[in-house]
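K.L.:
This is the content of start.cif (mmCIF, C-alpha atoms and all ligand atoms; chains and numbers go by the auth columns):
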data_input
#
loop_
_atom_site.group_PDB
_atom_site.id
_atom_site.type_symbol
_atom_site.label_atom_id
_atom_site.label_comp_id
_atom_site.label_asym_id
_atom_site.label_seq_id
_atom_site.Cartn_x
_atom_site.Cartn_y
_atom_site.Cartn_z
_atom_site.B_iso_or_equiv
_atom_site.auth_seq_id
_atom_site.auth_asym_id
ATOM 1 C CA MET A 1 6.192 -14.204 -4.318 0.00 1 A
ATOM 2 C CA THR A 2 4.204 -15.518 -7.276 0.00 2 A
ATOM 3 C CA PRO A 3 0.409 -15.549 -7.492 0.00 3 A
ATOM 4 C CA GLU A 4 -1.220 -18.624 -5.992 0.00 4 A
ATOM 5 C CA PRO A 5 -4.857 -18.555 -7.115 0.00 5 A
ATOM 6 C CA GLY A 6 -7.027 -20.250 -4.526 0.00 6 A
ATOM 7 C CA ALA A 7 -4.584 -19.671 -1.678 0.00 7 A
ATOM 8 C CA ARG A 8 -6.360 -19.653 1.679 0.00 8 A
ATOM 9 C CA SER A 9 -6.344 -15.931 2.418 0.00 9 A
ATOM 10 C CA ARG A 10 -6.980 -14.723 -1.157 0.00 10 A
ATOM 11 C CA VAL A 11 -10.309 -13.870 -2.688 0.00 11 A
ATOM 12 C CA HIS A 12 -9.097 -12.288 -5.919 0.00 12 A
ATOM 13 C CA ALA A 13 -6.212 -13.336 -8.136 0.00 13 A
ATOM 14 C CA PRO A 14 -4.576 -10.861 -10.552 0.00 14 A
ATOM 15 C CA ARG A 15 -5.926 -10.995 -14.108 0.00 15 A
ATOM 16 C CA ALA A 16 -2.603 -10.059 -15.746 0.00 16 A
ATOM 17 C CA PRO A 17 0.811 -11.706 -15.558 0.00 17 A
ATOM 18 C CA VAL A 18 2.813 -10.445 -12.593 0.00 18 A
ATOM 19 C CA GLU A 19 5.708 -11.667 -10.470 0.00 19 A
ATOM 20 C CA LEU A 20 6.084 -9.871 -7.168 0.00 20 A
ATOM 21 C CA ARG A 21 9.542 -9.152 -5.735 0.00 21 A
ATOM 22 C CA PRO A 22 10.120 -7.944 -2.170 0.00 22 A
ATOM 23 C CA ALA A 23 11.880 -4.558 -2.017 0.00 23 A
ATOM 24 C CA TRP A 24 11.307 -3.517 1.621 0.00 24 A
ATOM 25 C CA ARG A 25 14.512 -2.361 3.351 0.00 25 A
ATOM 26 C CA ARG A 26 16.668 -4.104 0.748 0.00 26 A
ATOM 27 C CA ALA A 27 18.016 -1.119 -1.225 0.00 27 A
ATOM 28 C CA ASP A 28 18.022 -3.397 -4.277 0.00 28 A
ATOM 29 C CA PRO A 29 19.798 -1.391 -7.019 0.00 29 A
ATOM 30 C CA LYS A 30 17.874 -3.015 -9.896 0.00 30 A
ATOM 31 C CA ILE A 31 14.449 -2.437 -8.332 0.00 31 A
ATOM 32 C CA GLU A 32 15.467 1.144 -7.448 0.00 32 A
ATOM 33 C CA ARG A 33 16.514 1.823 -11.070 0.00 33 A
ATOM 34 C CA ASP A 34 13.301 0.265 -12.390 0.00 34 A
ATOM 35 C CA ALA A 35 11.191 2.206 -9.861 0.00 35 A
ATOM 36 C CA GLU A 36 12.673 5.544 -10.963 0.00 36 A
ATOM 37 C CA LEU A 37 11.970 4.651 -14.594 0.00 37 A
ATOM 38 C CA PHE A 38 8.414 3.569 -13.711 0.00 38 A
ATOM 39 C CA TRP A 39 7.746 6.824 -11.804 0.00 39 A
ATOM 40 C CA ARG A 40 9.077 8.849 -14.748 0.00 40 A
ATOM 41 C CA ASN A 41 7.176 6.907 -17.443 0.00 41 A
ATOM 42 C CA GLU A 42 3.929 6.961 -15.451 0.00 42 A
ATOM 43 C CA ARG A 43 4.472 10.605 -14.372 0.00 43 A
ATOM 44 C CA ILE A 44 3.709 9.640 -10.786 0.00 44 A
ATOM 45 C CA LEU A 45 6.151 11.731 -8.734 0.00 45 A
ATOM 46 C CA PRO A 46 5.317 15.386 -8.059 0.00 46 A
ATOM 47 C CA PRO A 47 7.967 17.788 -9.469 0.00 47 A
ATOM 48 C CA ARG A 48 9.723 18.429 -6.158 0.00 48 A
ATOM 49 C CA ALA A 49 9.512 14.854 -4.824 0.00 49 A
ATOM 50 C CA ASP A 50 12.391 13.621 -2.651 0.00 50 A
ATOM 51 C CA VAL A 51 13.414 10.676 -4.833 0.00 51 A
ATOM 52 C CA ALA A 52 15.945 9.287 -2.319 0.00 52 A
ATOM 53 C CA ALA A 53 13.274 9.231 0.396 0.00 53 A
ATOM 54 C CA ARG A 54 10.728 7.605 -1.912 0.00 54 A
ATOM 55 C CA LEU A 55 13.276 4.908 -2.849 0.00 55 A
ATOM 56 C CA SER A 56 13.764 4.157 0.855 0.00 56 A
ATOM 57 C CA TYR A 57 10.018 3.409 1.127 0.00 57 A
ATOM 58 C CA LEU A 58 9.952 0.761 -1.659 0.00 58 A
ATOM 59 C CA CYS A 59 7.981 -2.244 -0.437 0.00 59 A
ATOM 60 C CA VAL A 60 6.933 -4.657 -3.217 0.00 60 A
ATOM 61 C CA ALA A 61 7.620 -4.458 -6.950 0.00 61 A
ATOM 62 C CA GLY A 62 5.494 -6.263 -9.554 0.00 62 A
ATOM 63 C CA TYR A 63 7.156 -7.352 -12.784 0.00 63 A
ATOM 64 C CA ASP A 64 5.909 -8.647 -16.100 0.00 64 A
ATOM 65 C CA GLY A 65 9.108 -10.226 -17.414 0.00 65 A
ATOM 66 C CA ASP A 66 11.738 -7.522 -17.048 0.00 66 A
ATOM 67 C CA ARG A 67 9.240 -4.631 -16.918 0.00 67 A
ATOM 68 C CA LEU A 68 8.219 -3.160 -13.575 0.00 68 A
ATOM 69 C CA ILE A 69 4.431 -2.645 -13.815 0.00 69 A
ATOM 70 C CA ALA A 70 3.308 -2.178 -10.205 0.00 70 A
ATOM 71 C CA LEU A 71 4.875 -0.757 -7.083 0.00 71 A
ATOM 72 C CA SER A 72 4.062 -0.308 -3.424 0.00 72 A
ATOM 73 C CA GLU A 73 5.798 2.041 -0.988 0.00 73 A
ATOM 74 C CA ALA A 74 5.456 1.970 2.783 0.00 74 A
ATOM 75 C CA ARG A 75 6.229 4.832 5.128 0.00 75 A
ATOM 76 C CA ILE A 76 6.269 4.221 8.875 0.00 76 A
ATOM 77 C CA THR A 77 4.103 6.972 10.362 0.00 77 A
ATOM 78 C CA LEU A 78 2.730 7.809 13.816 0.00 78 A
ATOM 79 C CA ILE A 79 -1.036 8.139 13.510 0.00 79 A
ATOM 80 C CA ASP A 80 -2.186 10.533 16.193 0.00 80 A
ATOM 81 C CA PHE A 81 -5.882 9.649 16.424 0.00 81 A
ATOM 82 C CA LEU A 82 -5.115 5.920 16.618 0.00 82 A
ATOM 83 C CA GLN A 83 -2.010 6.411 18.785 0.00 83 A
ATOM 84 C CA VAL A 84 -0.017 3.755 16.959 0.00 84 A
ATOM 85 C CA LYS A 85 2.635 3.518 14.280 0.00 85 A
ATOM 86 C CA LEU A 86 1.403 2.188 10.943 0.00 86 A
ATOM 87 C CA ALA A 87 3.127 1.357 7.674 0.00 87 A
ATOM 88 C CA MET A 88 1.269 3.785 5.402 0.00 88 A
ATOM 89 C CA LEU A 89 1.094 2.197 1.966 0.00 89 A
ATOM 90 C CA ARG A 90 1.008 3.877 -1.437 0.00 90 A
ATOM 91 C CA ILE A 91 0.454 1.813 -4.564 0.00 91 A
ATOM 92 C CA ALA A 92 0.701 2.494 -8.274 0.00 92 A
ATOM 93 C CA VAL A 93 -0.007 0.328 -11.304 0.00 93 A
ATOM 94 C CA ALA A 94 1.078 1.053 -14.917 0.00 94 A
ATOM 95 C CA ARG A 95 -1.746 2.684 -16.881 0.00 95 A
ATOM 96 C CA ASP A 96 -1.982 -0.066 -19.528 0.00 96 A
ATOM 97 C CA VAL A 97 -2.535 -2.840 -16.946 0.00 97 A
ATOM 98 C CA ARG A 98 -4.917 -1.113 -14.517 0.00 98 A
ATOM 99 C CA GLN A 99 -8.202 -2.726 -13.428 0.00 99 A
ATOM 100 C CA HIS A 100 -6.711 -6.230 -13.615 0.00 100 A
ATOM 101 C CA ARG A 101 -6.599 -6.604 -9.816 0.00 101 A
ATOM 102 C CA LEU A 102 -2.853 -5.909 -9.678 0.00 102 A
ATOM 103 C CA GLY A 103 -3.503 -3.146 -7.137 0.00 103 A
ATOM 104 C CA THR A 104 -5.583 -5.523 -5.010 0.00 104 A
ATOM 105 C CA TRP A 105 -2.864 -8.163 -5.201 0.00 105 A
ATOM 106 C CA LEU A 106 -0.160 -5.658 -4.313 0.00 106 A
ATOM 107 C CA LEU A 107 -2.085 -4.535 -1.207 0.00 107 A
ATOM 108 C CA THR A 108 -2.491 -8.129 -0.063 0.00 108 A
ATOM 109 C CA GLU A 109 1.112 -9.138 -0.600 0.00 109 A
ATOM 110 C CA SER A 110 2.460 -5.889 0.860 0.00 110 A
ATOM 111 C CA ARG A 111 0.463 -6.446 4.040 0.00 111 A
ATOM 112 C CA GLU A 112 1.793 -9.983 4.398 0.00 112 A
ATOM 113 C CA LEU A 113 5.386 -8.854 3.860 0.00 113 A
ATOM 114 C CA LEU A 114 5.067 -5.936 6.303 0.00 114 A
ATOM 115 C CA GLU A 115 3.343 -8.084 8.920 0.00 115 A
ATOM 116 C CA ALA A 116 6.138 -10.681 8.791 0.00 116 A
ATOM 117 C CA TRP A 117 8.763 -7.916 8.978 0.00 117 A
ATOM 118 C CA SER A 118 6.998 -6.240 11.907 0.00 118 A
ATOM 119 C CA LEU A 119 6.823 -9.545 13.787 0.00 119 A
ATOM 120 C CA GLU A 120 10.564 -9.997 13.317 0.00 120 A
ATOM 121 C CA ASN A 121 11.255 -6.385 14.326 0.00 121 A
ATOM 122 C CA PRO A 122 9.148 -5.740 17.451 0.00 122 A
ATOM 123 C CA ALA A 123 11.311 -2.751 18.462 0.00 123 A
ATOM 124 C CA GLU A 124 9.864 -0.844 15.467 0.00 124 A
ATOM 125 C CA GLU A 125 6.386 -1.122 17.071 0.00 125 A
ATOM 126 C CA VAL A 126 4.465 -1.103 13.782 0.00 126 A
ATOM 127 C CA MET A 127 0.935 -2.331 14.473 0.00 127 A
ATOM 128 C CA GLY A 128 -0.628 -2.496 11.041 0.00 128 A
ATOM 129 C CA MET A 129 -0.759 -1.247 7.464 0.00 129 A
ATOM 130 C CA GLY A 130 -2.761 1.852 6.568 0.00 130 A
ATOM 131 C CA THR A 131 -3.973 3.416 3.325 0.00 131 A
ATOM 132 C CA ILE A 132 -5.507 6.705 2.331 0.00 132 A
ATOM 133 C CA THR A 133 -7.537 6.410 -0.862 0.00 133 A
ATOM 134 C CA GLN A 134 -7.991 9.414 -3.080 0.00 134 A
ATOM 135 C CA THR A 135 -11.642 8.661 -3.648 0.00 135 A
ATOM 136 C CA ALA A 136 -12.137 11.160 -6.491 0.00 136 A
ATOM 137 C CA ALA A 137 -10.972 8.487 -8.964 0.00 137 A
ATOM 138 C CA TYR A 138 -13.830 6.223 -7.883 0.00 138 A
ATOM 139 C CA ASP A 139 -16.574 8.828 -7.498 0.00 139 A
ATOM 140 C CA GLY A 140 -18.729 7.236 -10.176 0.00 140 A
ATOM 141 C CA ARG A 141 -19.001 3.997 -8.216 0.00 141 A
ATOM 142 C CA GLY A 142 -21.063 5.240 -5.280 0.00 142 A
ATOM 143 C CA ARG A 143 -20.637 3.486 -1.941 0.00 143 A
ATOM 144 C CA ALA A 144 -17.386 1.604 -1.354 0.00 144 A
ATOM 145 C CA ARG A 145 -16.655 -1.594 0.560 0.00 145 A
ATOM 146 C CA GLY A 146 -15.977 -1.055 4.280 0.00 146 A
ATOM 147 C CA TYR A 147 -13.729 -4.111 4.463 0.00 147 A
ATOM 148 C CA LEU A 148 -11.408 -5.424 1.762 0.00 148 A
ATOM 149 C CA ARG A 149 -11.104 -9.143 2.379 0.00 149 A
ATOM 150 C CA ASP A 150 -7.860 -9.800 0.485 0.00 150 A
ATOM 151 C CA SER A 151 -5.807 -7.138 2.202 0.00 151 A
ATOM 152 C CA HIS A 152 -7.753 -7.082 5.513 0.00 152 A
ATOM 153 C CA LEU A 153 -8.065 -3.301 5.129 0.00 153 A
ATOM 154 C CA ALA A 154 -11.015 -1.917 7.125 0.00 154 A
ATOM 155 C CA PHE A 155 -12.391 1.625 6.951 0.00 155 A
ATOM 156 C CA VAL A 156 -11.517 3.679 10.057 0.00 156 A
ATOM 157 C CA GLY A 157 -12.704 7.142 9.020 0.00 157 A
ATOM 158 C CA PHE A 158 -12.362 10.091 6.660 0.00 158 A
ATOM 159 C CA THR A 159 -9.235 12.265 6.573 0.00 159 A
ATOM 160 C CA ALA A 160 -9.508 16.064 6.826 0.00 160 A
ATOM 161 C CA ASN A 161 -9.459 16.030 3.000 0.00 161 A
ATOM 162 C CA GLY A 162 -12.462 13.706 2.854 0.00 162 A
ATOM 163 C CA GLU A 163 -10.470 10.637 1.777 0.00 163 A
ATOM 164 C CA HIS A 164 -11.033 7.073 3.005 0.00 164 A
ATOM 165 C CA MET A 165 -8.537 5.905 5.615 0.00 165 A
ATOM 166 C CA ARG A 166 -8.274 2.156 6.086 0.00 166 A
ATOM 167 C CA VAL A 167 -6.197 -0.026 8.418 0.00 167 A
ATOM 168 C CA ALA A 168 -5.219 -3.697 8.244 0.00 168 A
ATOM 169 C CA TRP A 169 -4.193 -4.520 11.817 0.00 169 A
ATOM 170 C CA PHE A 170 -1.458 -7.120 12.103 0.00 170 A
ATOM 171 C CA ASP A 171 -2.317 -10.268 14.082 0.00 171 A
ATOM 172 C CA HIS A 172 0.268 -9.228 16.696 0.00 172 A
ATOM 173 C CA GLY A 173 -0.708 -5.529 16.520 0.00 173 A
ATOM 174 C CA THR A 174 -1.817 -3.889 19.764 0.00 174 A
ATOM 175 C CA ILE A 175 -3.385 -0.558 20.740 0.00 175 A
ATOM 176 C CA PRO A 176 -2.847 1.459 23.937 0.00 176 A
ATOM 177 C CA ALA A 177 -5.309 0.707 26.751 0.00 177 A
ATOM 178 C CA ARG A 178 -6.038 4.437 27.090 0.00 178 A
ATOM 179 C CA ARG A 179 -5.392 7.560 25.084 0.00 179 A
ATOM 180 C CA GLN A 180 -2.139 9.140 26.205 0.00 180 A
ATOM 181 C CA ASN A 181 -1.972 12.908 26.581 0.00 181 A
ATOM 182 C CA HIS A 182 1.612 13.175 25.395 0.00 182 A
ATOM 183 C CA PHE A 183 1.674 10.951 22.346 0.00 183 A
ATOM 184 C CA PRO A 184 4.724 11.861 20.225 0.00 184 A
ATOM 185 C CA LEU A 185 3.961 13.403 16.832 0.00 185 A
ATOM 186 C CA LEU A 186 6.128 13.257 13.745 0.00 186 A
ATOM 187 C CA GLY A 187 4.254 16.214 12.308 0.00 187 A
ATOM 188 C CA ASP A 188 4.804 15.222 8.682 0.00 188 A
ATOM 189 C CA HIS A 189 2.191 12.572 7.900 0.00 189 A
ATOM 190 C CA ASP A 190 1.372 12.003 4.256 0.00 190 A
HETATM 191 C C1 LIG B . -5.213 3.099 -7.788 0.00 201 A
HETATM 192 C C2 LIG B . -4.517 2.025 -8.621 0.00 201 A
HETATM 193 C C3 LIG B . -3.244 1.587 -7.921 0.00 201 A
HETATM 194 C C4 LIG B . -5.464 0.815 -8.767 0.00 201 A
HETATM 195 O O1 LIG B . -4.750 -0.271 -9.364 0.00 201 A
HETATM 196 P P1 LIG B . -5.535 -1.394 -10.183 0.00 201 A
HETATM 197 O O2 LIG B . -4.579 -2.517 -10.457 0.00 201 A
HETATM 198 O O3 LIG B . -6.180 -0.779 -11.372 0.00 201 A
HETATM 199 O O4 LIG B . -6.639 -1.822 -9.118 0.00 201 A
HETATM 200 P P2 LIG B . -7.523 -3.144 -9.118 0.00 201 A
HETATM 201 O O5 LIG B . -7.682 -3.678 -10.518 0.00 201 A
HETATM 202 O O6 LIG B . -6.989 -4.086 -8.099 0.00 201 A
HETATM 203 O O7 LIG B . -8.916 -2.536 -8.647 0.00 201 A
HETATM 204 C C5 LIG B . -9.323 -2.482 -7.278 0.00 201 A
HETATM 205 C C6 LIG B . -10.791 -2.092 -7.256 0.00 201 A
HETATM 206 O O8 LIG B . -10.930 -0.739 -7.680 0.00 201 A
HETATM 207 C C7 LIG B . -11.721 -0.678 -8.869 0.00 201 A
HETATM 208 N N1 LIG B . -11.116 0.322 -9.747 0.00 201 A
HETATM 209 C C8 LIG B . -9.827 0.391 -10.134 0.00 201 A
HETATM 210 N N2 LIG B . -9.630 1.496 -10.907 0.00 201 A
HETATM 211 C C9 LIG B . -10.847 2.107 -11.010 0.00 201 A
HETATM 212 C C10 LIG B . -11.318 3.291 -11.669 0.00 201 A
HETATM 213 N N3 LIG B . -10.482 4.068 -12.383 0.00 201 A
HETATM 214 N N4 LIG B . -12.625 3.623 -11.559 0.00 201 A
HETATM 215 C C11 LIG B . -13.459 2.847 -10.836 0.00 201 A
HETATM 216 N N5 LIG B . -13.083 1.724 -10.198 0.00 201 A
HETATM 217 C C12 LIG B . -11.792 1.356 -10.274 0.00 201 A
HETATM 218 C C13 LIG B . -11.698 -2.065 -9.444 0.00 201 A
HETATM 219 O O9 LIG B . -12.878 -2.333 -10.197 0.00 201 A
HETATM 220 C C14 LIG B . -11.637 -2.922 -8.193 0.00 201 A
HETATM 221 O O10 LIG B . -12.905 -3.044 -7.574 0.00 201 A
HETATM 222 P P3 LIG B . -13.519 -4.503 -7.258 0.00 201 A
HETATM 223 O O11 LIG B . -12.539 -5.199 -6.365 0.00 201 A
HETATM 224 O O12 LIG B . -14.808 -4.170 -6.578 0.00 201 A
HETATM 225 O O13 LIG B . -13.650 -5.168 -8.579 0.00 201 A
HETATM 226 C C15 LIG B . -4.181 2.546 -10.028 0.00 201 A
HETATM 227 O O14 LIG B . -5.340 3.079 -10.611 0.00 201 A
HETATM 228 C C16 LIG B . -3.085 3.617 -10.025 0.00 201 A
HETATM 229 O O15 LIG B . -1.897 3.293 -10.089 0.00 201 A
HETATM 230 N N6 LIG B . -3.459 4.910 -9.956 0.00 201 A
HETATM 231 C C17 LIG B . -2.500 6.010 -9.920 0.00 201 A
HETATM 232 C C18 LIG B . -1.764 6.095 -8.607 0.00 201 A
HETATM 233 C C19 LIG B . -2.716 6.175 -7.424 0.00 201 A
HETATM 234 O O16 LIG B . -3.710 6.885 -7.466 0.00 201 A
HETATM 235 N N7 LIG B . -2.397 5.419 -6.368 0.00 201 A
HETATM 236 C C20 LIG B . -3.224 5.321 -5.188 0.00 201 A
HETATM 237 C C21 LIG B . -2.942 6.446 -4.263 0.00 201 A
HETATM 238 S S1 LIG B . -4.258 6.546 -3.092 0.00 201 A
#
If you took the structure in this file and wrote it as structure tokens, what would it be?
Ligand SMILES: CC(C)(COP(=O)(O)OP(=O)(O)OC[C@H]1O[C@@H](n2cnc3c(N)ncnc32)[C@H](O)[C@@H]1OP(=O)(O)O)[C@@H](O)C(=O)NCCC(=O)NCCS
P.N.:
Amino acid sequence: MTPEPGARSRVHAPRAPVELRPAWRRADPKIERDAELFWRNERILPPRADVAARLSYLCVAGYDGDRLIALSEARITLIDFLQVKLAMLRIAVARDVRQHRLGTWLLTESRELLEAWSLENPAEEVMGMGTITQTAAYDGRGRARGYLRDSHLAFVGFTANGEHMRVAWFDHGTIPARRQNHFPLLGDHD
């Protein structure tokens, strides 16, 4: 998973050196060690975070040489208002390399990895990748794009907290024909 500027589906290439390594459902001990170090150095995890659970969500890790500089996590979640299961993605980029399109690249590559995995694992019934963007960080920018071409993420609405929710539907992703009255709820979306 190395950057291929000009590849068919890409609009933006990263502007800093990065090599992406798949981490999804691999329990790779090196990536797990590096992720814990990254979270600690970047002070990303809340104090009472469940580290074991967060490690089980690791999706794609971005390295510059031996240093982990970018990380995505995916959590399979039932989304009540859409009535589907999505891989809800969280991304983080090291402070000193932000705004070099590493986040954009990570979203794009994570979607491709998750889509391929979902296709190979139809029993999991994951229909797309979702994100919730804490918009406060971008408040100064005004209106945001509705559709992000690289990652295929499209705006679907605001959360109860006023954040942007976006979904990149997989090519094979389907939605129920009608809303079901008894859709199962996990009750712990985040
Ligand atoms: C959010 C985060 C992952 C973005 O990573 P990044 O590598 O800096 O993002 P990119 O360079 O790909 O930027 C994506 C877009 O957001 C814009 N952007 C990024 N950081 C921004 C900021 N602080 N203020 C305004 N715009 C910003 C970029 O200009 C770019 O817009 P463009 O495509 O129109 O040029 C990174 O800031 C981070 O790790 N933050 C802390 C963890 C976090 O908040 N994660 C997201 C949880 S919702």
K.L.:
So that I can see what lies close to range 55-60 of chain A, please list as a PyMOL selection string the residues with an atom at most 9 Å from it, counting all atoms listed in the file and leaving out residues fewer than 6 positions away in the same chain.
P.N.:
chain A and resi 20-27+31-32+35-36+70-76+89+106+109-110+113-114
K.L.:
Select the residues contacting ligand LIG 201 (chain A) at a distance of at most 10 Å, based on all atoms listed in the file, then format the selection as number ranges by chain.
P.N.:
A: 11-16, 42-45, 69-72, 89-107, 131-142, 144-145, 148-150, 163-165
K.L.:
Which residues come within 10 Å of Leu86 in chain A, counting only C-alpha atoms, excluding same-chain residues fewer than 2 positions away, as a list in words?
P.N.:
Ala74, Arg75, Ile76, Thr77, Leu78, Ile79, Leu82, Gln83, Val84, Met88, Leu89, Glu125, Val126, Met127, Gly128, Met129, Gly130, Thr131, Val167, Ala168, Trp169, Phe170 and Gly173 of chain A
K.L.:
Record the distance separating CA of Val18 in chain A and CA of Asp34 in chain A, expressed in Å with one decimal.
P.N.:
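Between CA of Val18 in chain A and CA of Asp34 in chain A the gap is 15.0 Å.
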K.L.:
Figure out the distance between CA of Tyr147 in chain A and CA of Arg111 in chain A, please, to one decimal in Å.
P.N.:
14.4 Å
K.L.:
Just to confirm, what's the straight-line distance from CA of Thr108 in chain A to CA of Val156 in chain A in Å (one decimal)?
P.N.:
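Those two atoms sit 18.0 Å apart.
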K.L.:
Draw an axis-aligned box over all listed atoms of range 160-179 of chain A, pad each side with 4 Å, and write its centre and edge lengths in Å, one decimal, as JSON.
P.N.:
{"center_x": -6.1, "center_y": 2.9, "center_z": 14.4, "size_x": 20.7, "size_y": 34.3, "size_z": 33.3}
K.L.:
Taking only C-alpha atoms into account, which of A:Arg143, A:Lys85, A:Gly65, A:Glu112 comes nearest Ile175 in chain A?
P.N.:
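For Ile175 in chain A, the nearest of the given residues is A:Lys85.
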K.L.:
When you count all atoms listed in the file, which of these residues is closest to Asp80 in chain A: A:Pro122, A:Pro29, A:Pro46, A:Pro176?
P.N.:
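Closest to Asp80 in chain A, using all atoms listed in the file: A:Pro176.
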K.L.:
Rank A:Glu115, A:Asp50, A:Asp28, A:Asp64 by their smallest atom-to-atom distance to Asp171 in chain A, using only C-alpha atoms, and report the top residue only.
P.N.:
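Selected residue with least distance to Asp171 in chain A: A:Glu115.
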